[in-house]
Amino acid sequence: MATVQVKRRELSFGERIYLPEVLRGLKVTTRQLFKNMFTKKDIATVQYPEVRKEYPDRFRGRHRLMKREDGSVRCVACMLCSTACPAKCIHIVAGDKGDQSVEKYPVSFEIDLLVCIYCGFCEEACPCDAIRMDSGRHPLPSFTRDRQRIRKIQLLEDGGPSIAVQGGKGT
Amino acid sequence: MPTLKIDGREVTVDPGTTILQAAEVLGIEVPTFCYHPGLSIAANCRMCLVDSNKSPKPVPACHAQVMDGMEVQTASERIKRTRKAVLEFILLNHPVDCPICDQAGECVLQDHYFKFSAQPSRLFHRKQHKSKAKVLGPDIILDAERCILCTRCVRFCDEVAKESQLDVVNRGEHSEISTFPGKQLDNPYAGNTVDICPVGALTSRDFRFKTRVWMLQTERGVCPECSRNCAIRVDTFENVVRRYKPAHNPKVNQYWMCDEGRGSYKNYLEGRMEGPTLVEHGRRLATSTQRAMDEVSRALSGGARNVAVVLTPWLTNEDAFVVGKLLAGPLAGASIYLGGRGPGTEDAVLRQADKNPNRRGVETILGALGLSAKPVSQFTARAVETLVVLGDQHTVGDTTMSELAAVPQRVVIGAFKNAWWDMATVFLPGRVHWEKDGTTTNFQGVVQRARRAVTAAPTAKSEGWYAMKIAQALGAALDFATPKDIFGALTREVGAFAGLTWEGLGDHGQRLGDGLVPGGVGNGDTQGMVAR
Amino acid sequence: MSFGEVLLWGLLKFAAIVLGFVMVVATLLTLLERKQSAYLQNRVGPNRAFLFGKKFPLSAFIGQILADAVKMLVKEDFDPPRANTWLHRLAPALPLFAALMVWMVIPFGPGPKPGTEGEHWFQIANLDVGILWVLAISSIGVYGATLGAWASNSAFSLLGGLRTAAQMISYEVTIGLNMVGLFMIFGSLKLNDIVWGQGELLWGWLPKWGIVVQPLGFVLFVAAAVAEIKRAPFDLPEDESVLAGGYSTEYSAMRFALFALGEFIGIVIMSALASVLFLGGWQIPWVATPLLADGSIDYGWLTVMQVGAMVIKTMFMVFLLQQIRWTFPRFRYDQLMRLGWVYMLPLSIANLAITALVMFLLR
């Protein structure tokens, strides 16, 4: 039995002729109308530019790339984020840094914000704490699509230092 | 004939067979690192240890030969513990830098770790550090920390490439792979060491950091760089070929391919010409395929006497057959020349001097259709009004070139911006080998299928398609829908191909004449894209 | 009066009513509707278009109206590809034309008592056909939506147009039948006469308003009126979740605004009609219209209050219609049709029959 039979409540005569229920509905909305005209108690609107809501801690905003202590980008271009990305919006070109301890780094790192669905899989997948979505910034409107493809340089603008080490220690 | 039991299942094999091979017959997987079917047995990784009733201690399955009455356990508790211990040993100093390791995704160590160990490291010391990103040769780079010292690469150089360039130096945990002093890993087959390296120790400088392997799409193809026709995997990402890897084909190339062929994919990535062009009133303009084809049909409809066709040994068997039908039918009487690349290096391992993939196939098919081709170097422009050049992989001398250019109407089916494109009055965009589905015949007569790995631009068509359309325009009934149809007609009409079937080619191909031997059809081996 | 004078006075009165009342109310409605809906949904509504800074919050109202007007005027005027451009451009004018013409017969204040001669100062034309004019003209309005829908060359529009036509036909019947009861009671088609009739008192204390003598008729009339002006819960023609925007999907800028304006004026018409027919029009309850000795009206302050009463009643009905629109969810299409034909039409006929029976017995 995959179907669940929901027993509907029998409508009373008063409900079936609509009119009393119509009046009841009008009573509710009219009460609310006058209440809101004179008090602000129930109004849920936030006057956005002047009043801003605190975002929850886990709000996923625009991405940012974290930096090492020496200021270089933490990303090692492993492409796990672009692999995990369900929208396929992360485009990384890896390069050889020639440095024995780091080796690989992103020559270019682009996120197409128009394609991004802000699911947070990229920061989940990142083994280096390099990409984060905790900037608290909204995706901003722009006049061209190209402006919505944010590059490494923009991603690094928000990027703070991270001293996380492998295994989840540090912050 | 010893009979033994592996995990309770009985199998009878030839004497001298190893336990590993016997297990393979039963389809039982025994994990290995250092074992490679194409190389000698070293038995140094200890991953393949199995229990047997003939020995108190676990024995390496890759090395131990079977005995009559043997009872082998490949998954007993002790073996499971042993494998865990072996993996812990191997991983002790392994950097576990999978995110930046090119091998990640096709790494045997990764696979075995998740399958047989999956335990965290218990090492509290700092790891042993060794050389990183050490350049061994023109295309090979070594990360000694990732190396598990299975010595596959060392054995490969000794046994297959026959140039001993690698060895293990130092002792204990300081051991690492190195070239001999003053030597480089630069033999013409060095790239195979990357393929057989089970971990990311040896990586290709060409492919390094380019694409993660799990993003690649793989299709089985044939290397066109010489008449050996090594079976390859064509790995693509976003419809662009990223690398070649050799595929296993016991009839042709075993497990290997040469570096020349391995790097050749780069020659076909740049400079593609994908639109038909037409010279009108002295100006060369882009046009539609339809208009260009109309122009070609018009030029050819005047009779075959003044037509010369330059064929190429780069045609697939199918294309060659359709072109042959055109030349034997509506264009009968046209003078036929065979172009192609000039000879190159040759050696005793794989490389052949003939740097064209399908000379034998094209010549066989032309012969069967009653046609004969002269070398293109004998071309004379006298009395030729229309020249049709198929393919643009031709090496010709300056005199021949000027002879060809002296023909008033020059139709070229090519793919690249080169001298052949420059000289065309009508240019029809063709396809390169990885955009075609078809078969080729190597110098030994092995017919192999090459599958389409890249989707061509909609305007780019194969030579066979153009030949078919021209034949139709000239009033011949030549109509095929798929390469499979053409191959069917080919096997019916060309004696040498008789008995071969499209399906029967499988992954390893069939030899010409195989189909005529009773029971010789099909080799039952259609698996094994990757052979380690 | 000569024909010229009649024409001049008619035009003057028309201008006064349309510009002084109808357009003002319709314009205000564009804002008030949003404000009203906002408040009853615990929102704030438009409050940003301050004309003179934030010190004068009410200036945001005017600013908003002006801003809307400017927006509508300067937005891109769009003709869909392969649309019938001529009809597509003509269509929005039709509903507006119809909506304005209906005002010809609405009395805003007292006219001469039935049976006496005199000037109709508060009514453009006291036609003999009276209410039939309303029904006739408002039917033209449906052409606008249907034509515009067809000319848009869009499936959404066409479906919206078809729904408009079907809905209008269904509910006009109910509206018409409910008016018939009033004609029978008041014995005239002239709206002025009907309002005069409503000035009498039943049993000496109860105003003989339409709502009193025809309570079921009033309910059915209001319900049908909501359907007639295509407002929720009967806004199937522009069912935005199903039909994008219904018949006006392909309209933009001022032509869309004309449709919207026609709709808003429609609300005011229906409210004015309801108040004239059922709420006593300009009659102030228990206050008799003062008459001179010869039977003509003694115009004075009371007359002004009577006009005020008409306006207040109309505005109340506007408020009620808006409130209904924002309170109830949309019907399903089959429900709409069933309600119209299976419930409301028989009820109207029954209402009519009972009215006739009662009148026969009381004769």
# chains A, B, ... in the order shown; residues from 1 in each chain; ligands from 1
>>> select_by_dssp(residues="chain A", states="helix (DSSP H, G or I)", output="NGL selection string")
:A and (13-16 or 19-38 or 80-84 or 121-125 or 146-148 or 152-157)
>>> residues_around(residues="A:Glu123", least_positions_apart="5", cutoff="9 Å", atoms="only C-alpha atoms", output="list of chain:residue names")
A:His63, A:Cys81, A:Asp129, A:Ala130, A:Ile131, A:Arg132, A:Met133
>>> write_last_selection(atoms="all heavy atoms", output="PDB file, in the first residue's frame")
ATOM      1  N   HIS A  63      32.610  33.289  -2.341  1.00  0.00           N
ATOM      2  CA  HIS A  63      33.786  32.511  -1.965  1.00  0.00           C
ATOM      3  C   HIS A  63      34.965  33.413  -1.693  1.00  0.00           C
ATOM      4  O   HIS A  63      35.040  34.535  -2.174  1.00  0.00           O
ATOM      5  CB  HIS A  63      34.163  31.551  -3.086  1.00  0.00           C
ATOM      6  CG  HIS A  63      32.999  30.860  -3.698  1.00  0.00           C
ATOM      7  ND1 HIS A  63      32.052  31.533  -4.435  1.00  0.00           N
ATOM      8  CD2 HIS A  63      32.601  29.582  -3.673  1.00  0.00           C
ATOM      9  CE1 HIS A  63      31.130  30.690  -4.833  1.00  0.00           C
ATOM     10  NE2 HIS A  63      31.431  29.494  -4.384  1.00  0.00           N
ATOM     11  N   CYS A  81      37.558  20.726  -5.459  1.00  0.00           N
ATOM     12  CA  CYS A  81      36.358  21.568  -5.419  1.00  0.00           C
ATOM     13  C   CYS A  81      35.638  21.541  -6.752  1.00  0.00           C
ATOM     14  O   CYS A  81      34.421  21.400  -6.821  1.00  0.00           O
ATOM     15  CB  CYS A  81      36.711  22.988  -5.012  1.00  0.00           C
ATOM     16  SG  CYS A  81      38.052  23.719  -5.927  1.00  0.00           S
ATOM     17  N   ASP A 129      41.813  23.890   3.391  1.00  0.00           N
ATOM     18  CA  ASP A 129      41.173  25.078   3.950  1.00  0.00           C
ATOM     19  C   ASP A 129      41.481  26.292   3.074  1.00  0.00           C
ATOM     20  O   ASP A 129      41.752  27.379   3.555  1.00  0.00           O
ATOM     21  CB  ASP A 129      41.637  25.331   5.390  1.00  0.00           C
ATOM     22  CG  ASP A 129      40.834  26.441   6.046  1.00  0.00           C
ATOM     23  OD1 ASP A 129      39.648  26.561   5.742  1.00  0.00           O
ATOM     24  OD2 ASP A 129      41.414  27.207   6.846  1.00  0.00           O
ATOM     25  N   ALA A 130      41.488  26.084   1.777  1.00  0.00           N
ATOM     26  CA  ALA A 130      41.849  27.179   0.874  1.00  0.00           C
ATOM     27  C   ALA A 130      40.630  27.952   0.418  1.00  0.00           C
ATOM     28  O   ALA A 130      40.638  29.169   0.365  1.00  0.00           O
ATOM     29  CB  ALA A 130      42.581  26.628  -0.335  1.00  0.00           C
ATOM     30  N   ILE A 131      39.572  27.256   0.110  1.00  0.00           N
ATOM     31  CA  ILE A 131      38.376  27.960  -0.345  1.00  0.00           C
ATOM     32  C   ILE A 131      37.376  27.956   0.795  1.00  0.00           C
ATOM     33  O   ILE A 131      37.159  26.959   1.467  1.00  0.00           O
ATOM     34  CB  ILE A 131      37.799  27.324  -1.634  1.00  0.00           C
ATOM     35  CG1 ILE A 131      36.694  28.211  -2.201  1.00  0.00           C
ATOM     36  CG2 ILE A 131      37.283  25.913  -1.413  1.00  0.00           C
ATOM     37  CD1 ILE A 131      36.287  27.827  -3.604  1.00  0.00           C
ATOM     38  N   ARG A 132      36.821  29.126   1.057  1.00  0.00           N
ATOM     39  CA  ARG A 132      35.816  29.243   2.103  1.00  0.00           C
ATOM     40  C   ARG A 132      34.671  30.085   1.577  1.00  0.00           C
ATOM     41  O   ARG A 132      34.850  30.902   0.687  1.00  0.00           O
ATOM     42  CB  ARG A 132      36.401  29.946   3.327  1.00  0.00           C
ATOM     43  CG  ARG A 132      37.322  29.085   4.154  1.00  0.00           C
ATOM     44  CD  ARG A 132      37.415  29.709   5.513  1.00  0.00           C
ATOM     45  NE  ARG A 132      38.540  29.191   6.280  1.00  0.00           N
ATOM     46  CZ  ARG A 132      38.920  29.738   7.427  1.00  0.00           C
ATOM     47  NH1 ARG A 132      38.302  30.809   7.893  1.00  0.00           N
ATOM     48  NH2 ARG A 132      39.930  29.239   8.104  1.00  0.00           N
ATOM     49  N   MET A 133      33.508  29.922   2.171  1.00  0.00           N
ATOM     50  CA  MET A 133      32.354  30.722   1.758  1.00  0.00           C
ATOM     51  C   MET A 133      31.856  31.566   2.917  1.00  0.00           C
ATOM     52  O   MET A 133      30.703  31.938   2.978  1.00  0.00           O
ATOM     53  CB  MET A 133      31.239  29.812   1.238  1.00  0.00           C
ATOM     54  CG  MET A 133      31.655  29.069  -0.007  1.00  0.00           C
ATOM     55  SD  MET A 133      30.371  28.029  -0.660  1.00  0.00           S
ATOM     56  CE  MET A 133      29.284  29.236  -1.388  1.00  0.00           C
TER      57      MET A 133
END
>>> closest_atom_pairs(of="chain A", to="chain C", cutoff="7 Å", atoms="only C-alpha atoms", output="tab-separated table")
residue	atom	partner	partner_atom	distance
A:Gly25	CA	C:Thr327	CA	6.5
A:Leu26	CA	C:Thr327	CA	6.4
A:Thr29	CA	C:Leu40	CA	5.5
A:Thr30	CA	C:Leu40	CA	6.9
A:Gln32	CA	C:Leu40	CA	5.1
A:Leu33	CA	C:Leu40	CA	4.1
A:Asn36	CA	C:Tyr39	CA	5.4
A:Met37	CA	C:Tyr39	CA	6.4
A:Asp42	CA	C:Asn42	CA	5.8
A:Ile43	CA	C:Asn42	CA	4.5
A:Ala44	CA	C:Arg43	CA	6.1
A:Thr45	CA	C:Arg43	CA	5.5
>>> write_last_selection(atoms="all heavy atoms", output="PDB file, in the first residue's frame")
ATOM      1  N   GLY A  25     -12.876  34.893   7.157  1.00  0.00           N
ATOM      2  CA  GLY A  25     -11.602  35.242   6.541  1.00  0.00           C
ATOM      3  C   GLY A  25     -11.409  36.744   6.481  1.00  0.00           C
ATOM      4  O   GLY A  25     -10.331  37.270   6.804  1.00  0.00           O
ATOM      5  N   LEU A  26     -12.462  37.424   6.091  1.00  0.00           N
ATOM      6  CA  LEU A  26     -12.369  38.887   6.012  1.00  0.00           C
ATOM      7  C   LEU A  26     -12.085  39.481   7.380  1.00  0.00           C
ATOM      8  O   LEU A  26     -11.358  40.469   7.490  1.00  0.00           O
ATOM      9  CB  LEU A  26     -13.667  39.460   5.451  1.00  0.00           C
ATOM     10  CG  LEU A  26     -13.837  39.325   3.939  1.00  0.00           C
ATOM     11  CD1 LEU A  26     -15.207  39.804   3.523  1.00  0.00           C
ATOM     12  CD2 LEU A  26     -12.758  40.113   3.207  1.00  0.00           C
ATOM     13  N   THR A  29      -8.291  39.153   8.052  1.00  0.00           N
ATOM     14  CA  THR A  29      -7.432  40.063   7.289  1.00  0.00           C
ATOM     15  C   THR A  29      -7.695  41.509   7.681  1.00  0.00           C
ATOM     16  O   THR A  29      -6.760  42.315   7.757  1.00  0.00           O
ATOM     17  CB  THR A  29      -7.668  39.883   5.779  1.00  0.00           C
ATOM     18  OG1 THR A  29      -9.071  39.886   5.530  1.00  0.00           O
ATOM     19  CG2 THR A  29      -7.069  38.595   5.295  1.00  0.00           C
ATOM     20  N   THR A  30      -8.951  41.848   7.948  1.00  0.00           N
ATOM     21  CA  THR A  30      -9.235  43.229   8.307  1.00  0.00           C
ATOM     22  C   THR A  30      -8.612  43.570   9.657  1.00  0.00           C
ATOM     23  O   THR A  30      -8.040  44.645   9.839  1.00  0.00           O
ATOM     24  CB  THR A  30     -10.757  43.444   8.357  1.00  0.00           C
ATOM     25  OG1 THR A  30     -11.331  42.905   7.191  1.00  0.00           O
ATOM     26  CG2 THR A  30     -11.080  44.911   8.455  1.00  0.00           C
ATOM     27  N   GLN A  32      -5.966  42.274  10.902  1.00  0.00           N
ATOM     28  CA  GLN A  32      -4.531  42.403  10.682  1.00  0.00           C
ATOM     29  C   GLN A  32      -4.192  43.726  10.001  1.00  0.00           C
ATOM     30  O   GLN A  32      -3.212  44.380  10.325  1.00  0.00           O
ATOM     31  CB  GLN A  32      -4.066  41.218   9.825  1.00  0.00           C
ATOM     32  CG  GLN A  32      -2.700  40.684  10.162  1.00  0.00           C
ATOM     33  CD  GLN A  32      -2.588  40.259  11.608  1.00  0.00           C
ATOM     34  OE1 GLN A  32      -3.561  39.846  12.223  1.00  0.00           O
ATOM     35  NE2 GLN A  32      -1.398  40.404  12.168  1.00  0.00           N
ATOM     36  N   LEU A  33      -5.058  44.101   9.044  1.00  0.00           N
ATOM     37  CA  LEU A  33      -4.844  45.355   8.319  1.00  0.00           C
ATOM     38  C   LEU A  33      -4.791  46.536   9.277  1.00  0.00           C
ATOM     39  O   LEU A  33      -3.840  47.317   9.273  1.00  0.00           O
ATOM     40  CB  LEU A  33      -5.950  45.533   7.294  1.00  0.00           C
ATOM     41  CG  LEU A  33      -6.054  46.891   6.607  1.00  0.00           C
ATOM     42  CD1 LEU A  33      -4.839  47.106   5.719  1.00  0.00           C
ATOM     43  CD2 LEU A  33      -7.319  46.986   5.790  1.00  0.00           C
ATOM     44  N   ASN A  36      -1.824  46.490  11.735  1.00  0.00           N
ATOM     45  CA  ASN A  36      -0.541  46.868  11.155  1.00  0.00           C
ATOM     46  C   ASN A  36      -0.501  48.324  10.725  1.00  0.00           C
ATOM     47  O   ASN A  36       0.578  48.889  10.562  1.00  0.00           O
ATOM     48  CB  ASN A  36      -0.227  45.969   9.967  1.00  0.00           C
ATOM     49  CG  ASN A  36       0.127  44.575  10.401  1.00  0.00           C
ATOM     50  OD1 ASN A  36       0.693  44.390  11.470  1.00  0.00           O
ATOM     51  ND2 ASN A  36      -0.228  43.590   9.603  1.00  0.00           N
ATOM     52  N   MET A  37      -1.687  48.900  10.507  1.00  0.00           N
ATOM     53  CA  MET A  37      -1.676  50.311  10.137  1.00  0.00           C
ATOM     54  C   MET A  37      -1.257  51.170  11.314  1.00  0.00           C
ATOM     55  O   MET A  37      -0.668  52.235  11.144  1.00  0.00           O
ATOM     56  CB  MET A  37      -3.077  50.739   9.658  1.00  0.00           C
ATOM     57  CG  MET A  37      -3.261  50.528   8.162  1.00  0.00           C
ATOM     58  SD  MET A  37      -4.954  50.756   7.664  1.00  0.00           S
ATOM     59  CE  MET A  37      -5.101  52.514   7.694  1.00  0.00           C
ATOM     60  N   ASP A  42       3.529  43.356  14.279  1.00  0.00           N
ATOM     61  CA  ASP A  42       3.540  42.124  13.496  1.00  0.00           C
ATOM     62  C   ASP A  42       4.361  42.236  12.219  1.00  0.00           C
ATOM     63  O   ASP A  42       4.559  41.246  11.523  1.00  0.00           O
ATOM     64  CB  ASP A  42       2.097  41.748  13.102  1.00  0.00           C
ATOM     65  CG  ASP A  42       1.373  41.127  14.282  1.00  0.00           C
ATOM     66  OD1 ASP A  42       2.018  41.000  15.339  1.00  0.00           O
ATOM     67  OD2 ASP A  42       0.193  40.790  14.148  1.00  0.00           O
ATOM     68  N   ILE A  43       4.816  43.433  11.898  1.00  0.00           N
ATOM     69  CA  ILE A  43       5.444  43.610  10.584  1.00  0.00           C
ATOM     70  C   ILE A  43       6.795  42.918  10.534  1.00  0.00           C
ATOM     71  O   ILE A  43       7.637  43.089  11.415  1.00  0.00           O
ATOM     72  CB  ILE A  43       5.548  45.107  10.255  1.00  0.00           C
ATOM     73  CG1 ILE A  43       4.155  45.577   9.895  1.00  0.00           C
ATOM     74  CG2 ILE A  43       6.518  45.349   9.125  1.00  0.00           C
ATOM     75  CD1 ILE A  43       4.052  46.969   9.435  1.00  0.00           C
ATOM     76  N   ALA A  44       6.968  42.097   9.530  1.00  0.00           N
ATOM     77  CA  ALA A  44       8.173  41.278   9.438  1.00  0.00           C
ATOM     78  C   ALA A  44       9.222  41.893   8.526  1.00  0.00           C
ATOM     79  O   ALA A  44      10.346  41.416   8.469  1.00  0.00           O
ATOM     80  CB  ALA A  44       7.805  39.888   8.928  1.00  0.00           C
ATOM     81  N   THR A  45       8.852  42.938   7.797  1.00  0.00           N
ATOM     82  CA  THR A  45       9.774  43.506   6.822  1.00  0.00           C
ATOM     83  C   THR A  45      10.991  44.124   7.513  1.00  0.00           C
ATOM     84  O   THR A  45      10.855  44.805   8.519  1.00  0.00           O
ATOM     85  CB  THR A  45       9.062  44.585   6.008  1.00  0.00           C
ATOM     86  OG1 THR A  45       7.836  44.059   5.549  1.00  0.00           O
ATOM     87  CG2 THR A  45       9.905  45.035   4.841  1.00  0.00           C
TER      88      THR A  45
END
>>> residues_around(residues="stretch 149-156 of chain A", least_positions_apart="6", cutoff="7 Å", atoms="only C-alpha atoms", output="PyMOL selection string")
chain A and resi 63-66+108-113
>>> interface_residues(of="chain A", to="chain B", cutoff="12 Å", atoms="only C-alpha atoms", output="ChimeraX atom specification")
/A:75-84,88,91-107,125-128,166-167
>>> residues_around(residues="B:Val310", least_positions_apart="4", cutoff="8 Å", atoms="only C-alpha atoms", output="ChimeraX atom specification")
/B:336-339,376,387-390
>>> residues_around(residues="B:Val59", least_positions_apart="2", cutoff="7 Å", atoms="only C-alpha atoms", output="list of chain:residue names")
B:Leu49, B:Val50, B:Asp51, B:Lys57, B:Ala61, B:Ala64
>>> write_last_selection(atoms="all heavy atoms", output="PDB file, in the first residue's frame")
ATOM      1  N   LEU B  49      50.991 -11.629  -0.986  1.00  0.00           N
ATOM      2  CA  LEU B  49      51.152 -12.791  -0.120  1.00  0.00           C
ATOM      3  C   LEU B  49      49.830 -13.529   0.057  1.00  0.00           C
ATOM      4  O   LEU B  49      48.787 -12.915   0.310  1.00  0.00           O
ATOM      5  CB  LEU B  49      51.674 -12.344   1.255  1.00  0.00           C
ATOM      6  CG  LEU B  49      53.130 -11.876   1.314  1.00  0.00           C
ATOM      7  CD1 LEU B  49      53.455 -11.336   2.691  1.00  0.00           C
ATOM      8  CD2 LEU B  49      54.064 -13.001   0.939  1.00  0.00           C
ATOM      9  N   VAL B  50      49.901 -14.853  -0.097  1.00  0.00           N
ATOM     10  CA  VAL B  50      48.715 -15.670   0.137  1.00  0.00           C
ATOM     11  C   VAL B  50      49.129 -16.868   1.012  1.00  0.00           C
ATOM     12  O   VAL B  50      50.304 -17.248   1.060  1.00  0.00           O
ATOM     13  CB  VAL B  50      48.097 -16.197  -1.176  1.00  0.00           C
ATOM     14  CG1 VAL B  50      47.469 -15.060  -1.959  1.00  0.00           C
ATOM     15  CG2 VAL B  50      49.123 -16.937  -2.016  1.00  0.00           C
ATOM     16  N   ASP B  51      48.152 -17.423   1.667  1.00  0.00           N
ATOM     17  CA  ASP B  51      48.394 -18.615   2.484  1.00  0.00           C
ATOM     18  C   ASP B  51      48.281 -19.847   1.607  1.00  0.00           C
ATOM     19  O   ASP B  51      47.410 -19.936   0.752  1.00  0.00           O
ATOM     20  CB  ASP B  51      47.325 -18.694   3.583  1.00  0.00           C
ATOM     21  CG  ASP B  51      47.826 -18.060   4.855  1.00  0.00           C
ATOM     22  OD1 ASP B  51      49.061 -17.972   5.014  1.00  0.00           O
ATOM     23  OD2 ASP B  51      46.982 -17.643   5.674  1.00  0.00           O
ATOM     24  N   LYS B  57      54.535 -20.221   6.075  1.00  0.00           N
ATOM     25  CA  LYS B  57      54.404 -18.762   6.022  1.00  0.00           C
ATOM     26  C   LYS B  57      53.663 -18.382   4.744  1.00  0.00           C
ATOM     27  O   LYS B  57      53.617 -19.151   3.795  1.00  0.00           O
ATOM     28  CB  LYS B  57      55.802 -18.126   6.007  1.00  0.00           C
ATOM     29  CG  LYS B  57      56.534 -18.267   7.307  1.00  0.00           C
ATOM     30  CD  LYS B  57      57.661 -17.270   7.409  1.00  0.00           C
ATOM     31  CE  LYS B  57      58.800 -17.644   6.447  1.00  0.00           C
ATOM     32  NZ  LYS B  57      59.934 -16.705   6.582  1.00  0.00           N
ATOM     33  N   ALA B  61      52.225 -14.669  -4.214  1.00  0.00           N
ATOM     34  CA  ALA B  61      51.483 -15.379  -5.253  1.00  0.00           C
ATOM     35  C   ALA B  61      52.058 -15.140  -6.631  1.00  0.00           C
ATOM     36  O   ALA B  61      51.929 -15.971  -7.528  1.00  0.00           O
ATOM     37  CB  ALA B  61      50.016 -14.947  -5.218  1.00  0.00           C
ATOM     38  N   ALA B  64      55.320 -17.673  -6.498  1.00  0.00           N
ATOM     39  CA  ALA B  64      55.211 -19.081  -6.133  1.00  0.00           C
ATOM     40  C   ALA B  64      54.476 -19.853  -7.216  1.00  0.00           C
ATOM     41  O   ALA B  64      53.402 -19.440  -7.652  1.00  0.00           O
ATOM     42  CB  ALA B  64      54.485 -19.213  -4.804  1.00  0.00           C
TER      43      ALA B  64
END
>>> residues_around(residues="stretch 28-44 of chain B", least_positions_apart="6", cutoff="7 Å", atoms="only C-alpha atoms", output="tab-separated table (two decimals) with C-alpha atoms, in the first residue's frame")
chain	number	residue	atom	x	y	z
B	20	LEU	CA	48.58	-15.37	-9.19
B	60	PRO	CA	54.10	-14.32	-2.74
B	62	CYS	CA	53.20	-13.70	-8.16
B	63	HIS	CA	56.30	-15.77	-7.69
B	74	THR	CA	43.70	-15.42	-0.63
B	150	CYS	CA	58.55	-1.87	-6.66
B	151	THR	CA	61.28	-1.56	-9.33
B	152	ARG	CA	58.87	-1.94	-12.22
B	155	ARG	CA	62.93	-3.80	-14.86
B	156	PHE	CA	61.20	-2.10	-17.77
B	198	PRO	CA	51.74	1.98	-9.57
B	255	TYR	CA	51.66	-3.15	-22.97
B	532	ARG	CA	49.54	-2.67	-15.42
>>> residues_around(residues="C:Gly144", least_positions_apart="4", cutoff="8 Å", atoms="only C-alpha atoms", output="ChimeraX atom specification")
/C:90-95,140,148
>>> select_by_dssp(residues="stretch 156-256 of chain C", states="strand (DSSP E)", output="list in words")
Leu201, Leu202, Leu206 and Pro207 of chain C
>>> atom_distance(atom1="atom CA of B:Lys325", atom2="atom CA of B:Leu512")
20.5 Å
